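First the structure, in the form of structure tokens, and then the observations on it.
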Amino acid sequence: KQWYQRRVRGVLIQASFIMATLSSSSTPTTILPPEPELVDGDRKNAKKVVCRLCNCVMLNPHVGILVEKEAFLHFSKQTPSTTPDTKGEVLSHFWRLEDMTQFENMGFSRTVDNYKYLTCADCEMEVVGIQYLDQPGLFLSCGRVSYT
């Protein structure tokens, strides 16, 4: 368990370095908004948001508000040949929530450089969002989840 905690902390620290490196880039790598049937008239999620790996319900319909915001999220699988350019991606479409109590099931990483990563509370296999501790709101990536 201690090895796992050290490894997770190392990955998050690497991700914060990459995020700082990419913050000067103005072009997100993922720029497509969610499909129109996933957004209701108030720009909220029209369907349940679930983990794409284990189908755990993360967010009920009509809770998250669609926003455009650039944020770096690292990939869940890292290999020794992974370079800083391929350790993650800049995403631009998120479901914004006011506080953590609006989620059905959500896990949080430890604080790294004034932010926390969001992950599925059941499987904890993938980074699906981010919370900046110096800004209001939590941001769940539209592209790293599934919908039912």
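Labeling convention for the structure tokens: chains A, B, ... as they appear, residues from 1 per chain, ligands from 1 in order of appearance.
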Please provide as a PDB file with N, CA and C atoms, in the first residue's frame all residues within 10 Å of region 102-116 of chain A, with the sequence filter that same-chain residues fewer than 4 positions apart are discarded (counting only C-alpha atoms).
ATOM      1  N   VAL A   8       1.293   6.919  -6.773  1.00  0.00           N
ATOM      2  CA  VAL A   8       0.225   7.844  -7.131  1.00  0.00           C
ATOM      3  C   VAL A   8       0.704   9.277  -6.945  1.00  0.00           C
ATOM      4  N   ARG A   9       1.351   9.560  -5.843  1.00  0.00           N
ATOM      5  CA  ARG A   9       1.852  10.906  -5.593  1.00  0.00           C
ATOM      6  C   ARG A   9       2.844  11.313  -6.674  1.00  0.00           C
ATOM      7  N   LEU A  12       0.959  12.216  -9.865  1.00  0.00           N
ATOM      8  CA  LEU A  12       0.283  13.499  -9.754  1.00  0.00           C
ATOM      9  C   LEU A  12       1.266  14.658  -9.798  1.00  0.00           C
ATOM     10  N   ILE A  13       2.427  14.494  -9.195  1.00  0.00           N
ATOM     11  CA  ILE A  13       3.434  15.547  -9.247  1.00  0.00           C
ATOM     12  C   ILE A  13       3.929  15.723 -10.671  1.00  0.00           C
ATOM     13  N   ALA A  15       2.207  15.127 -13.332  1.00  0.00           N
ATOM     14  CA  ALA A  15       1.110  15.752 -14.057  1.00  0.00           C
ATOM     15  C   ALA A  15       1.059  17.253 -13.782  1.00  0.00           C
ATOM     16  N   SER A  16       1.352  17.669 -12.544  1.00  0.00           N
ATOM     17  CA  SER A  16       1.328  19.101 -12.254  1.00  0.00           C
ATOM     18  C   SER A  16       2.445  19.814 -12.997  1.00  0.00           C
ATOM     19  N   PHE A  17       3.608  19.167 -13.154  1.00  0.00           N
ATOM     20  CA  PHE A  17       4.694  19.755 -13.925  1.00  0.00           C
ATOM     21  C   PHE A  17       4.288  19.902 -15.388  1.00  0.00           C
ATOM     22  N   VAL A  49     -24.500  10.636 -15.904  1.00  0.00           N
ATOM     23  CA  VAL A  49     -23.079  10.535 -16.239  1.00  0.00           C
ATOM     24  C   VAL A  49     -22.521   9.366 -15.442  1.00  0.00           C
ATOM     25  N   VAL A  50     -21.902   8.404 -16.151  1.00  0.00           N
ATOM     26  CA  VAL A  50     -21.380   7.201 -15.505  1.00  0.00           C
ATOM     27  C   VAL A  50     -19.909   7.003 -15.867  1.00  0.00           C
ATOM     28  N   CYS A  51     -19.204   6.254 -15.046  1.00  0.00           N
ATOM     29  CA  CYS A  51     -17.818   5.892 -15.325  1.00  0.00           C
ATOM     30  C   CYS A  51     -17.798   5.034 -16.586  1.00  0.00           C
ATOM     31  N   CYS A  56     -20.318   3.048 -12.878  1.00  0.00           N
ATOM     32  CA  CYS A  56     -20.769   3.657 -11.630  1.00  0.00           C
ATOM     33  C   CYS A  56     -21.387   5.028 -11.948  1.00  0.00           C
ATOM     34  N   VAL A  57     -22.543   5.321 -11.358  1.00  0.00           N
ATOM     35  CA  VAL A  57     -23.205   6.608 -11.589  1.00  0.00           C
ATOM     36  C   VAL A  57     -22.429   7.704 -10.843  1.00  0.00           C
ATOM     37  N   MET A  58     -21.967   8.695 -11.593  1.00  0.00           N
ATOM     38  CA  MET A  58     -21.229   9.809 -11.001  1.00  0.00           C
ATOM     39  C   MET A  58     -22.110  11.037 -10.808  1.00  0.00           C
ATOM     40  N   LEU A  59     -23.051  11.228 -11.740  1.00  0.00           N
ATOM     41  CA  LEU A  59     -23.831  12.459 -11.734  1.00  0.00           C
ATOM     42  C   LEU A  59     -25.220  12.178 -12.301  1.00  0.00           C
ATOM     43  N   ASN A  60     -26.242  12.618 -11.584  1.00  0.00           N
ATOM     44  CA  ASN A  60     -27.607  12.467 -12.066  1.00  0.00           C
ATOM     45  C   ASN A  60     -27.917  13.515 -13.128  1.00  0.00           C
ATOM     46  N   VAL A  63     -27.834  18.279 -13.450  1.00  0.00           N
ATOM     47  CA  VAL A  63     -27.065  18.774 -12.307  1.00  0.00           C
ATOM     48  C   VAL A  63     -25.866  19.605 -12.757  1.00  0.00           C
ATOM     49  N   GLY A  64     -25.044  19.070 -13.667  1.00  0.00           N
ATOM     50  CA  GLY A  64     -23.839  19.762 -14.123  1.00  0.00           C
ATOM     51  C   GLY A  64     -24.137  20.749 -15.244  1.00  0.00           C
ATOM     52  N   LEU A  97     -19.814  21.806 -11.477  1.00  0.00           N
ATOM     53  CA  LEU A  97     -20.670  21.650 -10.313  1.00  0.00           C
ATOM     54  C   LEU A  97     -20.215  22.622  -9.242  1.00  0.00           C
ATOM     55  N   GLU A  98     -21.134  23.062  -8.423  1.00  0.00           N
ATOM     56  CA  GLU A  98     -20.813  24.045  -7.382  1.00  0.00           C
ATOM     57  C   GLU A  98     -20.053  23.434  -6.213  1.00  0.00           C
ATOM     58  N   CYS A 120     -13.442   8.136 -10.483  1.00  0.00           N
ATOM     59  CA  CYS A 120     -14.581   7.312 -10.096  1.00  0.00           C
ATOM     60  C   CYS A 120     -14.348   6.774  -8.681  1.00  0.00           C
ATOM     61  N   ALA A 121     -15.344   6.899  -7.836  1.00  0.00           N
ATOM     62  CA  ALA A 121     -15.204   6.434  -6.451  1.00  0.00           C
ATOM     63  C   ALA A 121     -15.158   4.909  -6.354  1.00  0.00           C
ATOM     64  N   ASP A 122     -15.719   4.202  -7.324  1.00  0.00           N
ATOM     65  CA  ASP A 122     -15.737   2.740  -7.270  1.00  0.00           C
ATOM     66  C   ASP A 122     -14.447   2.114  -7.779  1.00  0.00           C
ATOM     67  N   CYS A 123     -14.013   2.465  -8.994  1.00  0.00           N
ATOM     68  CA  CYS A 123     -12.850   1.780  -9.573  1.00  0.00           C
ATOM     69  C   CYS A 123     -11.543   2.579  -9.452  1.00  0.00           C
ATOM     70  N   GLU A 124     -11.609   3.892  -9.309  1.00  0.00           N
ATOM     71  CA  GLU A 124     -10.425   4.753  -9.186  1.00  0.00           C
ATOM     72  C   GLU A 124      -9.389   4.472 -10.277  1.00  0.00           C
ATOM     73  N   VAL A 127      -8.539   9.432 -14.332  1.00  0.00           N
ATOM     74  CA  VAL A 127      -8.779  10.823 -13.963  1.00  0.00           C
ATOM     75  C   VAL A 127      -9.901  11.334 -14.862  1.00  0.00           C
ATOM     76  N   VAL A 128     -10.985  11.822 -14.241  1.00  0.00           N
ATOM     77  CA  VAL A 128     -12.140  12.283 -15.018  1.00  0.00           C
ATOM     78  C   VAL A 128     -12.433  13.770 -14.846  1.00  0.00           C
ATOM     79  N   GLY A 129     -11.716  14.432 -13.960  1.00  0.00           N
ATOM     80  CA  GLY A 129     -11.973  15.851 -13.753  1.00  0.00           C
ATOM     81  C   GLY A 129     -10.967  16.477 -12.820  1.00  0.00           C
ATOM     82  N   ILE A 130     -11.236  17.752 -12.485  1.00  0.00           N
ATOM     83  CA  ILE A 130     -10.299  18.508 -11.660  1.00  0.00           C
ATOM     84  C   ILE A 130     -11.048  19.513 -10.798  1.00  0.00           C
ATOM     85  N   GLN A 131     -10.496  19.787  -9.627  1.00  0.00           N
ATOM     86  CA  GLN A 131     -10.998  20.824  -8.732  1.00  0.00           C
ATOM     87  C   GLN A 131      -9.847  21.755  -8.397  1.00  0.00           C
ATOM     88  N   TYR A 132      -9.993  23.031  -8.737  1.00  0.00           N
ATOM     89  CA  TYR A 132      -8.999  24.032  -8.368  1.00  0.00           C
ATOM     90  C   TYR A 132      -9.404  24.593  -7.016  1.00  0.00           C
ATOM     91  N   LEU A 133      -8.527  24.498  -6.030  1.00  0.00           N
ATOM     92  CA  LEU A 133      -8.889  24.891  -4.676  1.00  0.00           C
ATOM     93  C   LEU A 133      -8.980  26.399  -4.498  1.00  0.00           C
ATOM     94  N   ASP A 134      -8.382  27.155  -5.406  1.00  0.00           N
ATOM     95  CA  ASP A 134      -8.443  28.610  -5.309  1.00  0.00           C
ATOM     96  C   ASP A 134      -9.541  29.218  -6.186  1.00  0.00           C
ATOM     97  N   GLN A 135     -10.367  28.367  -6.802  1.00  0.00           N
ATOM     98  CA  GLN A 135     -11.472  28.816  -7.643  1.00  0.00           C
ATOM     99  C   GLN A 135     -12.730  28.042  -7.267  1.00  0.00           C
ATOM    100  N   LEU A 138     -16.236  22.522  -9.432  1.00  0.00           N
ATOM    101  CA  LEU A 138     -15.537  21.287  -9.759  1.00  0.00           C
ATOM    102  C   LEU A 138     -15.854  20.995 -11.217  1.00  0.00           C
ATOM    103  N   LEU A 140     -15.958  18.193 -14.296  1.00  0.00           N
ATOM    104  CA  LEU A 140     -15.986  16.801 -14.728  1.00  0.00           C
ATOM    105  C   LEU A 140     -15.920  16.782 -16.245  1.00  0.00           C
TER     106      LEU A 140
END
Which is closest to Lys69 (chain A) among A:Asn55, A:Val145, A:Gly137, A:Met100, if we use only C-alpha atoms? A:Gly137
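Checking A:Val67, A:Leu91, A:Leu73, A:Cys142 one by one against Glu126 (chain A), counting only C-alpha atoms, you find the shortest gap at A:Leu73.
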Which residue of A:Phe139, A:Gly88, A:Tyr147, A:Glu35 approaches Tyr117 (chain A) most closely, using only C-alpha atoms: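 Closest residue, counting only C-alpha atoms: A:Phe139.
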Gap from CA of Glu70 (chain A) to CA of Cys54 (chain A) - Å, one decimal: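 Straight-line distance from CA of Glu70 (chain A) to CA of Cys54 (chain A) works out to 26.2 Å.
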Length of the CA of Pro36 (chain A) to CA of His74 (chain A) vector [Å]: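 Distance reported for this atom pair: 26.2 Å.
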